[in-house]
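Student: My file is model-v3.csv. It has CSV, C-alpha atoms:
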chain,number,residue,atom,x,y,z
A,535,MET,CA,-5.8,-71.8,-7.6
A,536,ASP,CA,-6.4,-68.2,-8.7
A,537,SER,CA,-7.5,-66.1,-5.7
A,538,GLY,CA,-8.8,-63.3,-8.0
A,539,VAL,CA,-6.3,-60.9,-6.5
A,540,LYS,CA,-3.9,-59.3,-9.0
A,541,LYS,CA,-0.3,-59.7,-8.1
A,542,PRO,CA,1.6,-56.4,-7.7
A,543,GLY,CA,4.7,-55.6,-9.6
A,544,VAL,CA,4.3,-58.2,-12.4
A,545,THR,CA,6.8,-57.5,-15.2
A,546,SER,CA,6.8,-58.2,-18.9
A,547,SER,CA,9.7,-60.5,-18.4
A,548,GLN,CA,7.7,-62.6,-16.0
A,549,VAL,CA,4.8,-62.7,-18.6
A,550,ALA,CA,7.3,-63.8,-21.3
A,551,ARG,CA,8.7,-66.6,-19.1
A,552,HIS,CA,5.2,-67.8,-18.1
A,553,ALA,CA,4.0,-67.8,-21.8
A,554,GLY,CA,7.2,-69.3,-23.1
A,555,VAL,CA,7.8,-66.4,-25.5
A,556,SER,CA,10.3,-63.6,-25.9
A,557,GLN,CA,10.0,-60.3,-24.0
A,558,SER,CA,9.7,-58.5,-27.4
A,559,ALA,CA,6.7,-60.7,-28.2
A,560,VAL,CA,5.0,-59.4,-25.0
A,561,SER,CA,5.8,-55.8,-26.0
A,562,ARG,CA,4.4,-56.3,-29.5
A,563,THR,CA,1.2,-57.9,-28.1
A,564,PHE,CA,0.5,-54.7,-26.2
A,565,THR,CA,1.6,-52.3,-28.9
A,566,PRO,CA,-1.4,-51.4,-31.2
A,567,GLY,CA,-0.6,-52.2,-34.9
A,568,ALA,CA,2.5,-54.2,-34.1
A,569,SER,CA,3.1,-57.5,-35.9
A,570,ILE,CA,2.3,-60.6,-33.8
A,571,SER,CA,0.9,-64.0,-34.7
A,572,PRO,CA,-2.6,-64.8,-33.4
A,573,LYS,CA,-1.2,-67.9,-31.6
A,574,THR,CA,1.6,-66.0,-29.8
A,575,ARG,CA,-0.8,-63.2,-28.9
A,576,ALA,CA,-3.2,-65.6,-27.4
A,577,LYS,CA,-0.5,-67.2,-25.3
A,578,VAL,CA,0.7,-63.8,-24.0
A,579,MET,CA,-2.8,-62.6,-23.2
A,580,ALA,CA,-3.5,-65.8,-21.3
A,581,ALA,CA,-0.3,-65.4,-19.3
A,582,ALA,CA,-1.0,-61.7,-18.6
A,583,GLU,CA,-4.5,-62.4,-17.4
A,584,GLU,CA,-3.3,-65.3,-15.1
A,585,LEU,CA,-0.5,-63.1,-13.6
A,586,GLY,CA,-2.6,-59.9,-13.4
A,587,TYR,CA,-0.2,-58.0,-15.7
A,588,ARG,CA,-1.0,-54.6,-17.1
A,589,PRO,CA,1.5,-52.7,-19.3
A,590,ASN,CA,3.1,-49.7,-17.7
A,591,ALA,CA,2.4,-46.7,-19.9
A,592,ILE,CA,4.8,-44.5,-17.9
A,593,ALA,CA,7.6,-46.9,-18.3
A,594,ARG,CA,6.8,-47.3,-22.0
A,595,SER,CA,7.0,-43.6,-22.4
A,596,LEU,CA,10.5,-43.5,-21.0
A,597,ILE,CA,11.6,-46.0,-23.5
A,598,THR,CA,9.8,-44.6,-26.6
A,599,ASN,CA,10.0,-41.0,-25.6
A,600,ARG,CA,6.3,-40.8,-26.3
A,601,SER,CA,3.7,-40.5,-23.5
A,602,ARG,CA,0.8,-40.9,-26.0
A,603,ILE,CA,-0.9,-38.1,-24.1
A,604,ILE,CA,-2.4,-35.0,-25.8
A,605,ALA,CA,-3.0,-32.1,-23.4
A,606,VAL,CA,-6.3,-30.1,-24.0
A,607,VAL,CA,-6.5,-26.7,-22.4
A,608,MET,CA,-9.9,-25.1,-22.3
A,609,ALA,CA,-11.0,-21.9,-20.6
A,610,TYR,CA,-14.3,-23.2,-19.5
A,611,LEU,CA,-16.9,-26.0,-20.2
A,612,GLU,CA,-20.1,-24.2,-19.5
A,613,ASN,CA,-20.6,-23.6,-23.3
A,614,LEU,CA,-21.9,-27.0,-24.6
A,615,PHE,CA,-19.9,-26.6,-27.7
A,616,TYR,CA,-16.7,-27.6,-25.8
A,617,PRO,CA,-18.0,-30.8,-24.1
A,618,ASP,CA,-19.0,-31.9,-27.6
A,619,VAL,CA,-15.5,-31.0,-28.9
A,620,LEU,CA,-13.9,-33.0,-26.0
A,621,GLU,CA,-16.0,-36.1,-26.8
A,622,GLU,CA,-15.0,-36.0,-30.5
A,623,LEU,CA,-11.4,-35.3,-29.7
A,624,GLY,CA,-11.3,-38.3,-27.3
A,625,ARG,CA,-12.9,-40.6,-29.8
A,626,LEU,CA,-10.5,-39.7,-32.7
A,627,LEU,CA,-7.4,-39.7,-30.5
A,628,LEU,CA,-8.3,-43.1,-29.2
A,629,LYS,CA,-8.3,-44.4,-32.8
A,630,GLU,CA,-4.7,-43.1,-32.9
A,631,ASN,CA,-3.9,-44.8,-29.6
A,632,TYR,CA,-3.6,-41.5,-27.8
A,633,ARG,CA,-5.4,-40.2,-24.7
A,634,LEU,CA,-6.3,-36.6,-23.8
A,635,LEU,CA,-5.5,-34.9,-20.5
A,636,LEU,CA,-7.8,-31.9,-19.8
A,637,PHE,CA,-6.8,-28.6,-18.1
A,638,THR,CA,-9.4,-25.9,-17.5
A,639,GLY,CA,-9.9,-22.6,-15.8
A,640,PHE,CA,-8.0,-20.1,-17.9
A,641,MET,CA,-10.8,-17.7,-18.9
A,642,ASP,CA,-9.6,-14.4,-20.6
A,643,ARG,CA,-5.9,-15.1,-20.2
A,644,ASP,CA,-3.0,-17.0,-21.7
A,645,SER,CA,-2.4,-20.6,-20.8
A,646,ASP,CA,1.1,-19.9,-19.6
A,647,PRO,CA,0.5,-20.7,-15.9
A,648,VAL,CA,-0.4,-24.3,-16.9
A,649,PHE,CA,2.7,-24.8,-19.1
A,650,ASP,CA,4.9,-26.3,-16.4
A,651,GLN,CA,2.2,-28.8,-15.5
A,652,LEU,CA,1.9,-29.9,-19.2
A,653,MET,CA,5.6,-30.5,-19.4
A,654,GLN,CA,5.6,-32.6,-16.2
A,655,TYR,CA,3.3,-35.0,-18.0
A,656,ARG,CA,5.6,-35.2,-21.0
A,657,VAL,CA,2.7,-34.6,-23.4
A,658,ASP,CA,3.2,-35.3,-27.1
A,659,GLY,CA,1.0,-32.4,-28.2
A,660,ILE,CA,-1.2,-29.5,-27.0
A,661,VAL,CA,-4.7,-28.4,-28.1
A,662,LEU,CA,-5.6,-24.9,-26.9
A,663,ALA,CA,-9.3,-24.2,-27.1
A,664,SER,CA,-10.8,-20.9,-26.0
A,665,THR,CA,-7.4,-19.8,-24.7
A,666,SER,CA,-4.0,-18.9,-26.1
A,667,LEU,CA,-0.3,-19.3,-25.5
A,668,SER,CA,2.2,-16.4,-25.2
A,669,SER,CA,4.6,-16.0,-28.1
A,670,GLU,CA,7.5,-17.0,-25.8
A,671,LEU,CA,6.0,-20.3,-24.8
A,672,SER,CA,4.7,-21.1,-28.2
A,673,GLU,CA,8.3,-20.7,-29.4
A,674,GLU,CA,9.5,-22.9,-26.5
A,675,CYS,CA,7.0,-25.6,-27.5
A,676,ALA,CA,8.3,-25.5,-31.1
A,677,ALA,CA,11.9,-25.7,-29.9
A,678,ALA,CA,11.0,-28.7,-27.8
A,679,GLY,CA,9.3,-30.4,-30.7
A,680,ILE,CA,5.8,-30.3,-29.1
A,681,PRO,CA,3.0,-29.6,-31.7
A,682,VAL,CA,0.5,-26.9,-30.6
A,683,VAL,CA,-2.9,-26.4,-32.3
A,684,LEU,CA,-5.2,-23.5,-31.5
A,685,PHE,CA,-8.8,-24.8,-31.8
A,686,ASN,CA,-11.5,-22.3,-32.7
A,687,ARG,CA,-8.9,-19.5,-32.4
A,688,THR,CA,-6.4,-17.8,-34.6
A,689,THR,CA,-3.2,-15.9,-33.9
A,690,GLU,CA,-1.2,-13.3,-35.6
A,691,ARG,CA,1.9,-15.6,-35.0
A,692,ASP,CA,2.4,-17.9,-38.0
A,693,ALA,CA,4.4,-20.3,-35.8
A,694,VAL,CA,1.3,-21.8,-34.2
A,695,SER,CA,-1.0,-24.1,-36.1
A,696,SER,CA,-4.8,-23.3,-35.9
A,697,VAL,CA,-8.1,-24.8,-36.9
A,698,THR,CA,-11.1,-22.4,-37.1
A,699,THR,CA,-14.1,-21.5,-39.2
A,700,ARG,CA,-14.6,-18.4,-41.3
A,701,ASN,CA,-15.9,-16.3,-38.5
A,702,ARG,CA,-15.8,-13.0,-40.3
A,703,GLU,CA,-17.8,-14.5,-43.2
A,704,GLY,CA,-20.2,-16.0,-40.6
A,705,GLY,CA,-20.9,-12.6,-39.1
A,706,ARG,CA,-21.5,-11.1,-42.5
A,707,ARG,CA,-24.0,-13.8,-43.3
A,708,VAL,CA,-25.9,-13.1,-40.1
A,709,ALA,CA,-26.1,-9.4,-41.1
A,710,GLU,CA,-27.4,-10.3,-44.6
A,711,PHE,CA,-30.0,-12.6,-43.1
A,712,LEU,CA,-31.3,-10.0,-40.6
A,713,ILE,CA,-31.4,-7.2,-43.2
A,714,ALA,CA,-33.3,-9.6,-45.6
A,715,GLY,CA,-35.7,-10.2,-42.8
A,716,GLY,CA,-36.7,-6.5,-42.8
A,717,HIS,CA,-35.0,-5.4,-39.6
A,718,LYS,CA,-33.9,-1.8,-39.0
A,719,ARG,CA,-32.3,-1.6,-35.5
A,720,PHE,CA,-29.4,-3.9,-34.8
A,721,GLY,CA,-27.6,-5.0,-31.7
A,722,TYR,CA,-24.7,-7.3,-30.8
A,723,ILE,CA,-23.8,-9.0,-27.5
A,724,SER,CA,-20.1,-9.8,-27.7
A,725,GLY,CA,-18.0,-12.6,-26.2
A,726,LEU,CA,-14.5,-11.9,-24.9
A,727,GLN,CA,-13.5,-8.8,-26.7
A,728,SER,CA,-9.9,-10.0,-26.8
A,729,SER,CA,-10.7,-13.2,-28.6
A,730,SER,CA,-10.1,-13.6,-32.3
A,731,THR,CA,-13.4,-15.4,-32.8
A,732,ASN,CA,-15.4,-12.5,-31.3
A,733,ARG,CA,-13.4,-9.8,-33.2
A,734,ASP,CA,-14.0,-11.6,-36.5
A,735,ARG,CA,-17.7,-12.3,-35.9
A,736,PHE,CA,-18.4,-8.7,-35.0
A,737,GLY,CA,-16.2,-7.4,-37.8
A,738,GLY,CA,-18.1,-9.3,-40.4
A,739,TYR,CA,-21.4,-8.4,-38.9
A,740,SER,CA,-20.6,-4.7,-38.7
A,741,GLU,CA,-19.2,-4.7,-42.3
A,742,GLY,CA,-22.3,-6.4,-43.6
A,743,LEU,CA,-24.6,-3.9,-41.9
A,744,ALA,CA,-22.5,-0.9,-43.0
A,745,GLU,CA,-22.6,-2.0,-46.7
A,746,ALA,CA,-26.4,-1.8,-46.4
A,747,GLY,CA,-26.3,1.6,-44.8
A,748,TYR,CA,-26.7,0.6,-41.1
A,749,THR,CA,-23.8,2.0,-39.2
A,750,GLU,CA,-25.2,2.1,-35.7
A,751,ILE,CA,-25.0,-1.1,-33.7
A,752,MET,CA,-26.1,-1.3,-30.1
A,753,LEU,CA,-23.3,-3.1,-28.3
A,754,GLU,CA,-23.1,-4.9,-24.9
A,755,VAL,CA,-20.5,-7.3,-23.6
A,756,GLY,CA,-21.4,-10.8,-22.5
A,757,ASN,CA,-17.9,-12.4,-22.2
A,758,TYR,CA,-19.3,-15.8,-23.1
A,759,ASP,CA,-20.8,-15.9,-19.6
A,760,ARG,CA,-24.5,-16.6,-18.9
A,761,ALA,CA,-24.9,-14.1,-16.1
A,762,GLU,CA,-23.1,-11.4,-17.9
A,763,ALA,CA,-25.1,-12.1,-21.1
A,764,GLU,CA,-28.3,-11.8,-19.0
A,765,ALA,CA,-27.2,-8.4,-17.6
A,766,ALA,CA,-26.2,-7.3,-21.1
A,767,ALA,CA,-29.7,-8.3,-22.4
A,768,ARG,CA,-31.5,-6.5,-19.7
A,769,LYS,CA,-29.6,-3.3,-20.4
A,770,MET,CA,-29.9,-3.4,-24.1
A,771,LEU,CA,-33.5,-4.6,-24.4
A,772,SER,CA,-34.8,-2.1,-21.8
A,773,ARG,CA,-33.9,0.8,-24.0
A,774,PRO,CA,-36.8,2.7,-25.6
A,775,ASP,CA,-34.9,2.3,-28.9
A,776,ARG,CA,-34.1,-1.3,-28.3
A,777,PRO,CA,-33.0,-3.4,-31.3
A,778,ASP,CA,-35.4,-5.5,-33.3
A,779,ALA,CA,-32.6,-7.8,-34.4
A,780,LEU,CA,-29.8,-9.1,-32.1
A,781,PHE,CA,-26.7,-11.1,-33.0
A,782,VAL,CA,-25.3,-12.9,-30.0
A,783,ALA,CA,-21.7,-14.1,-30.2
A,784,ASN,CA,-22.5,-17.7,-29.3
A,785,ASP,CA,-25.5,-19.9,-28.6
A,786,HIS,CA,-24.7,-20.3,-24.9
A,787,MET,CA,-25.3,-16.6,-24.4
A,788,ALA,CA,-28.2,-16.5,-26.9
A,789,VAL,CA,-30.1,-18.9,-24.6
A,790,ALA,CA,-29.7,-16.5,-21.7
A,791,VAL,CA,-30.6,-13.5,-23.8
A,792,MET,CA,-33.8,-15.3,-25.0
A,793,ASP,CA,-34.8,-16.2,-21.5
A,794,VAL,CA,-34.5,-12.5,-20.4
A,795,ALA,CA,-36.3,-11.2,-23.4
A,796,ARG,CA,-39.2,-13.6,-23.0
A,797,HIS,CA,-39.6,-14.2,-19.3
A,798,GLU,CA,-38.4,-10.9,-17.8
A,799,LEU,CA,-39.3,-8.3,-20.5
A,800,GLY,CA,-42.3,-10.0,-22.1
A,801,LEU,CA,-41.0,-9.8,-25.6
A,802,SER,CA,-42.3,-12.1,-28.3
A,803,ILE,CA,-39.6,-13.9,-30.4
A,804,PRO,CA,-39.4,-13.4,-33.3
A,805,GLU,CA,-42.3,-10.9,-33.6
A,806,ASP,CA,-40.8,-8.3,-31.3
A,807,LEU,CA,-37.1,-9.4,-31.5
A,808,SER,CA,-35.1,-11.7,-33.8
A,809,ILE,CA,-32.1,-13.5,-32.2
A,810,VAL,CA,-29.3,-15.2,-34.0
A,811,GLY,CA,-26.5,-17.1,-32.3
A,812,TYR,CA,-23.3,-18.9,-33.3
A,813,ASP,CA,-22.1,-22.5,-33.0
A,814,ASP,CA,-25.4,-24.4,-33.6
A,815,VAL,CA,-25.0,-26.6,-30.6
A,816,GLY,CA,-27.0,-27.9,-27.6
A,817,PRO,CA,-30.1,-25.9,-26.7
A,818,ALA,CA,-30.0,-24.1,-30.1
A,819,ARG,CA,-31.5,-27.3,-31.5
A,820,TRP,CA,-34.2,-27.7,-28.8
A,821,THR,CA,-37.7,-26.9,-29.8
A,822,SER,CA,-38.3,-24.5,-26.9
A,823,TYR,CA,-35.4,-22.3,-28.1
A,824,GLY,CA,-35.0,-23.1,-31.8
A,825,ILE,CA,-32.2,-20.7,-32.2
A,826,THR,CA,-31.2,-19.6,-35.7
A,827,SER,CA,-27.4,-20.1,-35.5
A,828,MET,CA,-24.3,-19.9,-37.6
A,829,SER,CA,-23.0,-23.5,-37.4
A,830,GLN,CA,-19.4,-24.7,-36.8
A,831,PRO,CA,-18.6,-28.0,-38.4
A,832,LEU,CA,-17.4,-29.6,-35.2
A,833,GLY,CA,-16.5,-33.0,-36.7
A,834,PRO,CA,-14.3,-31.7,-39.5
A,835,MET,CA,-12.7,-29.2,-37.1
A,836,VAL,CA,-11.7,-31.9,-34.7
A,837,GLU,CA,-10.5,-34.2,-37.5
A,838,ALA,CA,-8.3,-31.4,-38.9
A,839,THR,CA,-6.9,-30.8,-35.4
A,840,VAL,CA,-6.0,-34.5,-34.8
A,841,GLY,CA,-4.6,-34.7,-38.3
A,842,ILE,CA,-2.2,-31.8,-37.7
A,843,LEU,CA,-1.1,-33.2,-34.4
A,844,MET,CA,-0.4,-36.7,-35.8
A,845,ASP,CA,1.5,-35.4,-38.8
A,846,GLN,CA,3.8,-33.3,-36.7
A,847,ILE,CA,4.3,-35.9,-34.0
A,848,ALA,CA,5.2,-38.5,-36.7
A,849,SER,CA,7.5,-36.2,-38.7
A,850,GLY,CA,9.1,-34.4,-35.7
A,851,GLU,CA,8.8,-31.2,-37.7
A,852,ILE,CA,6.8,-28.3,-36.2
A,853,GLU,CA,5.6,-26.4,-39.3
A,854,ALA,CA,2.5,-24.3,-38.7
A,855,GLN,CA,-0.6,-25.3,-40.6
A,856,HIS,CA,-3.8,-23.3,-40.7
A,857,CYS,CA,-7.1,-24.9,-41.5
A,858,VAL,CA,-10.2,-22.6,-42.0
A,859,LEU,CA,-13.6,-24.3,-42.6
A,860,ASN,CA,-16.9,-23.0,-43.8
A,861,GLY,CA,-20.1,-22.9,-41.7
A,862,GLU,CA,-23.8,-22.6,-42.5
A,863,LEU,CA,-26.5,-20.3,-41.2
A,864,VAL,CA,-29.1,-22.8,-39.8
A,865,VAL,CA,-32.5,-21.3,-39.8
A,866,ARG,CA,-35.0,-22.1,-37.0
A,867,THR,CA,-37.7,-20.1,-35.2
A,868,SER,CA,-35.8,-17.4,-33.2
A,869,ALA,CA,-35.6,-15.0,-36.1
A,870,ARG,CA,-37.9,-13.5,-38.7
A,871,LEU,CA,-37.6,-15.2,-42.1
A,872,PRO,CA,-36.6,-13.3,-45.2
A,873,LYS,CA,-38.8,-13.6,-48.3
A,874,SER,CA,-36.2,-15.7,-50.1
A,875,GLY,CA,-32.9,-17.5,-49.6
A,876,VAL,CA,-34.0,-20.2,-47.1
A,877,VAL,CA,-33.5,-23.6,-48.6
A,878,GLU,CA,-33.7,-27.2,-47.3
A,879,VAL,CA,-30.4,-29.1,-47.2
A,880,ASP,CA,-30.1,-32.5,-45.6
A,881,GLY,CA,-33.1,-32.0,-43.5
A,882,ARG,CA,-32.1,-28.6,-42.2
A,883,ARG,CA,-33.2,-25.1,-43.3
A,884,ILE,CA,-30.2,-23.1,-44.4
A,885,TYR,CA,-29.9,-19.5,-45.5
A,886,GLN,CA,-28.3,-19.4,-48.9
A,887,PRO,CA,-29.0,-16.1,-50.6
A,888,ALA,CA,-28.9,-16.1,-54.4
A,889,GLN,CA,-25.6,-14.2,-54.7
A,890,SER,CA,-23.9,-17.0,-52.7
Could you quickly redo this structure as structure tokens?

Tutor:
Amino acid sequence: MDSGVKKPGVTSSQVARHAGVSQSAVSRTFTPGASISPKTRAKVMAAAEELGYRPNAIARSLITNRSRIIAVVMAYLENLFYPDVLEELGRLLLKENYRLLLFTGFMDRDSDPVFDQLMQYRVDGIVLASTSLSSELSEECAAAGIPVVLFNRTTERDAVSSVTTRNREGGRRVAEFLIAGGHKRFGYISGLQSSSTNRDRFGGYSEGLAEAGYTEIMLEVGNYDRAEAEAAARKMLSRPDRPDALFVANDHMAVAVMDVARHELGLSIPEDLSIVGYDDVGPARWTSYGITSMSQPLGPMVEATVGILMDQIASGEIEAQHCVLNGELVVRTSARLPKSGVVEVDGRRIYQPAQS
């Protein structure tokens, strides 16, 4: 009689004997996509359940030289863009019979300190989001045949694959939108100044303003951190010549800036101040904030990342691929509307000026 207690140390050989099949049949039963007849599979599953057998992923990795683990390194999770990324990554990797292993806590520095830990888990691939890898270690990964993809980051080193959006064009689109809204004094609250996304967003924004004759931009640093963004907003918006239009490097900071503007400084949005963010995620979509935001196509970005990893794992060839996707400026209530260029697309208001 089955006591309900799973027996420890049950092996695939024991399952095979109990089911009256070969050991390879047991292996195929627990290998997604492997060829196995329904009758044989049913016998193996019944024997495994009776014996309390579970396949040993670690032992399998030693045989196949594949752990089926993808390491994901993120600087922080406070920005709601990244939990959404994790959820989608996990969903798509599961379809490929892979699992993700998350490492966090590397804000404003390379991921090198975690590299030895990654190697201990024999990971099959690495996704670096909001962080980077030194040139030495990226070359070591390539030499070891471990694919690395930078997510929402770019690098000057062509040896590392990357998936990102057109951040410079996004910053330029924000500038065009605010100018078309009749604004005259412009500000920018930056993310990490060392990050490629921040540099590109500010670069496009400043170029777009300069082309229209606006060369002065009030600048404060928020470092993608709520408290620092609040401090930056207090400093900038307390000036007698404060901006009437403010581009914030991501929505996470834009929420903090909007709270300071409204509840501490008594500013009306968008009458006194227009605010535009970046990412189009989380609170940006909430009615109480309604942040006009440059979107990032999260689904296609994650799909491209998983595609690069799977291609390189299957081929064993680490050849850098760079995927750059387009975003859209989603228009809500946090910024003054221009007289033209706002159109309805799939139930959302998008800024698409005529020259686009």

Student: Sorted by chain and rising residue number, list the residues of range 681-762 of chain A at most 10 Å from range 862-877 of chain A (counting all atoms listed in the file), each with its closest atom pair and distance in Å to one decimal, as a tab-separated table.

Tutor:
residue	atom	partner	partner_atom	distance
A:Gly704	CA	A:Leu863	CA	7.7
A:Gly705	CA	A:Leu863	CA	9.7
A:Arg707	CA	A:Leu863	CA	7.3
A:Val708	CA	A:Leu863	CA	7.3
A:Glu710	CA	A:Pro872	CA	9.7
A:Phe711	CA	A:Pro872	CA	7.0
A:Leu712	CA	A:Arg870	CA	7.7
A:Ile713	CA	A:Pro872	CA	8.3
A:Ala714	CA	A:Pro872	CA	5.0
A:Gly715	CA	A:Pro872	CA	4.0
A:Gly716	CA	A:Pro872	CA	7.2
A:His717	CA	A:Arg870	CA	8.7

Student: Excluding range 745-753 of chain A and residues on its chain fewer than 3 positions from it, collect all residues at most 7 Å away from it, counting all atoms listed in the file, and give them as a PyMOL selection string.

Tutor: chain A and resi 720-723+741-742

Student: Can you work out which one of A:Leu614, A:Val694, A:Asn631, A:Ala848 has the shortest atom-to-atom distance to Phe564 in chain A, counting only C-alpha atoms?

Tutor: A:Asn631

Student: Tell me, as number ranges by chain, which residues lie within 7 Å of range 602-607 of chain A, counting only C-alpha atoms; anything in the same chain fewer than 6 positions away does not count.

Tutor: A: 632-638, 652, 657-663

Student: Of the candidates A:Ala709, A:Leu726, A:Ala550, A:Ala838, which shows the shortest atom-to-atom distance to Leu585 in chain A, using all atoms listed in the file?

Tutor: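 Of A:Ala709, A:Leu726, A:Ala550, A:Ala838, the one nearest Leu585 in chain A, counting all atoms listed in the file, is A:Ala550.
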
Student: Report, in Å with one decimal, the straight-line distance from CA of Asp778 in chain A to CA of Ile803 in chain A.

Tutor: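 Separation of CA of Asp778 in chain A and CA of Ile803 in chain A: 9.8 Å.
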
Student: How far is it from CA of Lys629 in chain A to CA of Val836 in chain A, in Å with one decimal?

Tutor: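 Computing it gives 13.1 Å between the two atoms.
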
Student: Measuring between all atoms listed in the file, which one of A:Asn732, A:Ser695, A:Ser808, A:Gln727 shows the shortest distance to Ile852 in chain A?

Tutor: A:Ser695

Student: Could you work out how far CA of Leu627 in chain A lies from CA of Ser569 in chain A, giving the answer in Å with one decimal?

Tutor: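 Atom-to-atom, CA of Ser569 in chain A and CA of Leu627 in chain A are spaced 21.4 Å apart.
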
Student: Using all atoms listed in the file, can you list as a list in words the residues within 10 Å of (-26.9, -27.8, -38.7)?

Tutor: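 Looking at atoms near the point gives Asp813, Asp814, Val815, Ala818, Arg819, Thr826, Ser827, Met828, Ser829, Gln830, Pro831, Gly861, Glu862, Leu863, Val864, Val865, Val879, Asp880, Gly881, Arg882, Arg883 and Ile884 of chain A.
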
Student: Export C-alpha atoms of the chosen residues as an mmCIF file, keeping the file's coordinate frame?

Tutor:
data_model
loop_
_atom_site.group_PDB
_atom_site.id
_atom_site.type_symbol
_atom_site.label_atom_id
_atom_site.label_comp_id
_atom_site.auth_asym_id
_atom_site.auth_seq_id
_atom_site.Cartn_x
_atom_site.Cartn_y
_atom_site.Cartn_z
ATOM 1 C CA ASP A 813 -22.100 -22.500 -33.000
ATOM 2 C CA ASP A 814 -25.400 -24.400 -33.600
ATOM 3 C CA VAL A 815 -25.000 -26.600 -30.600
ATOM 4 C CA ALA A 818 -30.000 -24.100 -30.100
ATOM 5 C CA ARG A 819 -31.500 -27.300 -31.500
ATOM 6 C CA THR A 826 -31.200 -19.600 -35.700
ATOM 7 C CA SER A 827 -27.400 -20.100 -35.500
ATOM 8 C CA MET A 828 -24.300 -19.900 -37.600
ATOM 9 C CA SER A 829 -23.000 -23.500 -37.400
ATOM 10 C CA GLN A 830 -19.400 -24.700 -36.800
ATOM 11 C CA PRO A 831 -18.600 -28.000 -38.400
ATOM 12 C CA GLY A 861 -20.100 -22.900 -41.700
ATOM 13 C CA GLU A 862 -23.800 -22.600 -42.500
ATOM 14 C CA LEU A 863 -26.500 -20.300 -41.200
ATOM 15 C CA VAL A 864 -29.100 -22.800 -39.800
ATOM 16 C CA VAL A 865 -32.500 -21.300 -39.800
ATOM 17 C CA VAL A 879 -30.400 -29.100 -47.200
ATOM 18 C CA ASP A 880 -30.100 -32.500 -45.600
ATOM 19 C CA GLY A 881 -33.100 -32.000 -43.500
ATOM 20 C CA ARG A 882 -32.100 -28.600 -42.200
ATOM 21 C CA ARG A 883 -33.200 -25.100 -43.300
ATOM 22 C CA ILE A 884 -30.200 -23.100 -44.400
#

Student: Pick from A:Phe736, A:Phe615, A:Tyr758, A:Tyr610: nearest to Gly833 in chain A, with all atoms listed in the file counted?

Tutor: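 Of A:Phe736, A:Phe615, A:Tyr758, A:Tyr610, the one nearest Gly833 in chain A is A:Phe615, counting all atoms listed in the file.
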